[in-house]
>>> print(open('model01.json').read())   # JSON, C-alpha atoms
[["chain", "number", "residue", "atom", "x", "y", "z"],
["A", 28, "MET", "CA", 1.31, -164.99, 28.89],
["A", 29, "LYS", "CA", -0.49, -163.45, 25.96],
["A", 30, "VAL", "CA", -1.90, -160.10, 27.03],
["A", 31, "SER", "CA", -2.83, -158.61, 23.68],
["A", 32, "HIS", "CA", -6.45, -159.67, 24.02],
["A", 33, "ARG", "CA", -6.88, -157.17, 26.85],
["A", 34, "MET", "CA", -4.88, -154.31, 25.37],
["A", 35, "VAL", "CA", -6.05, -150.91, 24.25],
["A", 36, "THR", "CA", -8.66, -150.45, 21.60],
["A", 37, "ARG", "CA", -9.42, -147.11, 20.00],
["A", 38, "ASN", "CA", -12.13, -146.60, 22.61],
["A", 39, "PRO", "CA", -10.65, -147.48, 26.01],
["A", 40, "PRO", "CA", -13.08, -149.06, 28.48],
["A", 41, "SER", "CA", -14.81, -146.95, 31.08],
["A", 42, "HIS", "CA", -13.67, -147.54, 34.63],
["A", 43, "SER", "CA", -13.83, -146.49, 38.22],
["A", 44, "TYR", "CA", -10.61, -145.75, 40.04],
["A", 45, "LEU", "CA", -9.35, -147.79, 42.93],
["A", 46, "PRO", "CA", -7.78, -146.00, 45.85],
["A", 47, "SER", "CA", -4.02, -145.66, 45.50],
["A", 48, "SER", "CA", -3.32, -148.33, 48.13],
["A", 49, "ASP", "CA", -5.39, -150.83, 46.13],
["A", 50, "LEU", "CA", -3.44, -149.97, 42.98],
["A", 51, "SER", "CA", -0.23, -150.51, 44.94],
["A", 52, "TRP", "CA", -1.53, -153.90, 45.98],
["A", 53, "LEU", "CA", -2.38, -154.69, 42.34],
["A", 54, "LEU", "CA", 1.14, -153.69, 41.26],
["A", 55, "CYS", "CA", 2.62, -156.00, 43.87],
["A", 56, "SER", "CA", 0.39, -158.81, 42.63],
["A", 57, "VAL", "CA", 1.35, -158.11, 39.02],
["A", 58, "ALA", "CA", 4.98, -158.40, 40.10],
["A", 59, "GLU", "CA", 4.08, -161.96, 41.13],
["A", 60, "GLN", "CA", 2.67, -162.54, 37.60],
["A", 61, "ASP", "CA", -0.95, -162.57, 38.80],
["A", 62, "GLU", "CA", -2.99, -162.33, 35.58],
["A", 63, "LYS", "CA", -6.21, -161.36, 37.35],
["A", 64, "ALA", "CA", -4.43, -158.50, 39.11],
["A", 65, "PHE", "CA", -3.00, -157.40, 35.77],
["A", 66, "ASP", "CA", -6.46, -157.46, 34.19],
["A", 67, "GLU", "CA", -7.83, -155.39, 37.06],
["A", 68, "LEU", "CA", -4.92, -152.95, 36.92],
["A", 69, "TYR", "CA", -5.50, -152.57, 33.20],
["A", 70, "ARG", "CA", -9.24, -152.10, 33.69],
["A", 71, "GLN", "CA", -8.68, -149.46, 36.35],
["A", 72, "CYS", "CA", -5.90, -147.48, 34.64],
["A", 73, "SER", "CA", -5.99, -147.99, 30.86],
["A", 74, "ALA", "CA", -8.31, -145.09, 30.00],
["A", 75, "ARG", "CA", -6.29, -142.66, 32.08],
["A", 76, "VAL", "CA", -3.00, -143.92, 30.59],
["A", 77, "TYR", "CA", -4.43, -143.74, 27.08],
["A", 78, "GLY", "CA", -5.70, -140.19, 27.70],
["A", 79, "LEU", "CA", -2.29, -138.97, 28.84],
["A", 80, "VAL", "CA", -0.50, -140.70, 25.96],
["A", 81, "ARG", "CA", -3.00, -139.32, 23.45],
["A", 82, "LYS", "CA", -2.32, -135.76, 24.64],
["A", 83, "VAL", "CA", 1.39, -136.21, 23.95],
["A", 84, "VAL", "CA", 1.36, -138.41, 20.84],
["A", 85, "MET", "CA", -1.91, -137.09, 19.33],
["A", 86, "ASP", "CA", -2.31, -139.97, 16.85],
["A", 87, "ALA", "CA", -4.94, -142.49, 18.00],
["A", 88, "GLU", "CA", -3.21, -145.58, 16.63],
["A", 89, "MET", "CA", 0.22, -144.66, 17.97],
["A", 90, "SER", "CA", -1.37, -143.77, 21.30],
["A", 91, "ALA", "CA", -2.96, -147.21, 21.51],
["A", 92, "GLU", "CA", 0.38, -148.86, 20.68],
["A", 93, "THR", "CA", 2.18, -146.77, 23.27],
["A", 94, "THR", "CA", -0.44, -147.57, 25.92],
["A", 95, "GLN", "CA", 0.03, -151.25, 25.18],
["A", 96, "GLU", "CA", 3.80, -150.80, 25.59],
["A", 97, "VAL", "CA", 3.21, -149.22, 29.01],
["A", 98, "PHE", "CA", 1.23, -152.20, 30.24],
["A", 99, "LEU", "CA", 3.65, -154.68, 28.71],
["A", 100, "THR", "CA", 6.48, -152.92, 30.54],
["A", 101, "ILE", "CA", 4.55, -153.27, 33.78],
["A", 102, "TRP", "CA", 3.75, -156.94, 33.11],
["A", 103, "ARG", "CA", 7.32, -157.82, 32.12],
["A", 104, "GLY", "CA", 8.82, -156.75, 35.41],
["A", 105, "GLY", "CA", 8.58, -152.99, 35.42],
["A", 106, "THR", "CA", 6.97, -153.21, 38.84],
["A", 107, "ALA", "CA", 10.38, -154.00, 40.35],
["A", 108, "ARG", "CA", 11.13, -150.26, 40.09],
["A", 109, "TYR", "CA", 7.94, -149.18, 41.86],
["A", 110, "ASN", "CA", 8.51, -147.82, 45.37],
["A", 111, "PRO", "CA", 5.27, -146.93, 47.22],
["A", 112, "ASN", "CA", 7.28, -144.69, 49.59],
["A", 113, "LYS", "CA", 8.14, -142.37, 46.68],
["A", 114, "GLY", "CA", 4.65, -141.82, 45.30],
["A", 115, "THR", "CA", 1.30, -143.30, 44.45],
["A", 116, "ALA", "CA", 0.84, -146.22, 42.09],
["A", 117, "ILE", "CA", -1.14, -144.15, 39.59],
["A", 118, "SER", "CA", 1.53, -141.43, 39.48],
["A", 119, "TRP", "CA", 4.18, -144.10, 38.85],
["A", 120, "ILE", "CA", 2.12, -145.66, 36.05],
["A", 121, "LEU", "CA", 1.42, -142.25, 34.48],
["A", 122, "THR", "CA", 5.11, -141.37, 34.69],
["A", 123, "ILE", "CA", 5.92, -144.50, 32.68],
["A", 124, "ALA", "CA", 3.17, -143.57, 30.22],
["A", 125, "HIS", "CA", 4.45, -140.02, 29.79],
["A", 126, "ARG", "CA", 8.03, -141.15, 29.27],
["A", 127, "LYS", "CA", 6.99, -143.74, 26.68],
["A", 128, "ALA", "CA", 4.82, -141.17, 24.90],
["A", 129, "VAL", "CA", 7.68, -138.65, 24.76],
["A", 130, "ASP", "CA", 10.01, -141.41, 23.52],
["A", 131, "LYS", "CA", 7.48, -142.27, 20.78],
["A", 132, "VAL", "CA", 7.27, -138.63, 19.63],
["A", 133, "ARG", "CA", 11.06, -138.28, 19.61],
["A", 134, "SER", "CA", 11.43, -141.55, 17.72],
["A", 135, "GLU", "CA", 8.91, -140.45, 15.10],
["A", 136, "GLN", "CA", 10.64, -137.08, 14.72],
["A", 137, "ALA", "CA", 14.03, -138.74, 14.32],
["A", 138, "HIS", "CA", 12.54, -141.12, 11.77],
["A", 139, "ARG", "CA", 11.16, -138.20, 9.75],
["A", 140, "VAL", "CA", 14.48, -136.36, 9.90],
["A", 141, "ARG", "CA", 16.32, -139.48, 8.69],
["A", 142, "ASP", "CA", 13.80, -139.94, 5.87],
["A", 143, "PHE", "CA", 14.07, -136.29, 4.81],
["A", 144, "SER", "CA", 17.84, -136.30, 5.10],
["A", 145, "GLY", "CA", 18.02, -139.50, 3.03],
["A", 146, "VAL", "CA", 15.90, -137.94, 0.28],
["A", 147, "SER", "CA", 18.03, -134.78, 0.23],
["A", 148, "ARG", "CA", 21.25, -136.80, 0.13],
["A", 149, "THR", "CA", 19.89, -138.96, -2.70],
["A", 150, "ARG", "CA", 18.95, -135.87, -4.69],
["A", 151, "MET", "CA", 22.41, -134.39, -4.19],
["A", 152, "LEU", "CA", 24.07, -137.61, -5.34],
["A", 153, "THR", "CA", 21.89, -138.05, -8.41],
["A", 154, "THR", "CA", 21.76, -134.44, -9.56],
["A", 155, "THR", "CA", 24.82, -132.83, -11.06],
["A", 156, "THR", "CA", 24.85, -129.27, -12.33],
["A", 157, "TYR", "CA", 27.20, -128.67, -15.21],
["A", 158, "PRO", "CA", 28.50, -125.27, -16.29],
["A", 159, "LYS", "CA", 25.82, -123.35, -18.09],
["A", 160, "PRO", "CA", 26.01, -123.69, -21.83],
["A", 161, "SER", "CA", 25.74, -120.68, -24.04],
["A", 162, "LEU", "CA", 21.93, -121.14, -24.07],
["A", 163, "PRO", "CA", 19.73, -118.59, -22.30],
["A", 164, "ALA", "CA", 19.58, -119.12, -18.54],
["A", 165, "ALA", "CA", 15.90, -120.10, -18.65],
["A", 166, "ARG", "CA", 16.74, -123.18, -20.75],
["A", 167, "ALA", "CA", 19.78, -124.36, -18.74],
["A", 168, "GLN", "CA", 18.79, -127.15, -16.31],
["A", 169, "PRO", "CA", 20.69, -129.69, -14.19],
["A", 170, "LEU", "CA", 21.20, -133.11, -15.73],
["A", 171, "LEU", "CA", 19.90, -136.17, -13.89],
["A", 172, "HIS", "CA", 21.93, -139.37, -13.94],
["A", 173, "ALA", "CA", 19.96, -142.59, -14.34]]
>>> encode(input="model01.json", output="structure tokens")
Amino acid sequence: MKVSHRMVTRNPPSHSYLPSSDLSWLLCSVAEQDEKAFDELYRQCSARVYGLVRKVVMDAEMSAETTQEVFLTIWRGGTARYNPNKGTAISWILTIAHRKAVDKVRSEQAHRVRDFSGVSRTRMLTTTTYPKPSLPAARAQPLLHA
């Protein structure tokens, strides 16, 4: 099933919330690969999921991507882990959203650290400082290898 046509835009759709029991029913239907139930679940929950993700991630585009990942996780069988005896459907969905948002932030931070560390390592490997010549200190500079 191609679900991207219904995924998050920069301005999530307005919605009214279903009672928790109805969301539980939708999750059970989504587990059976019911596309209409998935569309309704998305319609009912996407703005709230996007809002939570946006608070954690802050970037609009990454928030939209992360929200899409949440709903893809649900569509691809994530509902097997939902237990209505342990909490409401919306709290379960928002827990997935929060975890994915935190994972996205951590991933971006790790990516930045790797990029910075790679630049520093490259500079250390390409810059060699030789003993200062007898020139004044202001004119002595490291030599760069090509």
>>> closest_residue(input="model01.json", among="A:Tyr77, A:Glu67, A:Val83, A:Pro111", to="Gln95 (chain A)", atoms="only C-alpha atoms")
A:Tyr77
>>> atom_distance(input="model01.json", atom1="CA of Glu92 (chain A)", atom2="CA of Ala124 (chain A)")
11.3 Å
>>> atom_distance(input="model01.json", atom1="CA of Arg75 (chain A)", atom2="CA of Arg133 (chain A)")
21.8 Å
>>> closest_residue(input="model01.json", among="A:Ile120, A:Asp142, A:Tyr109, A:Val84", to="Leu68 (chain A)", atoms="only C-alpha atoms")
A:Ile120
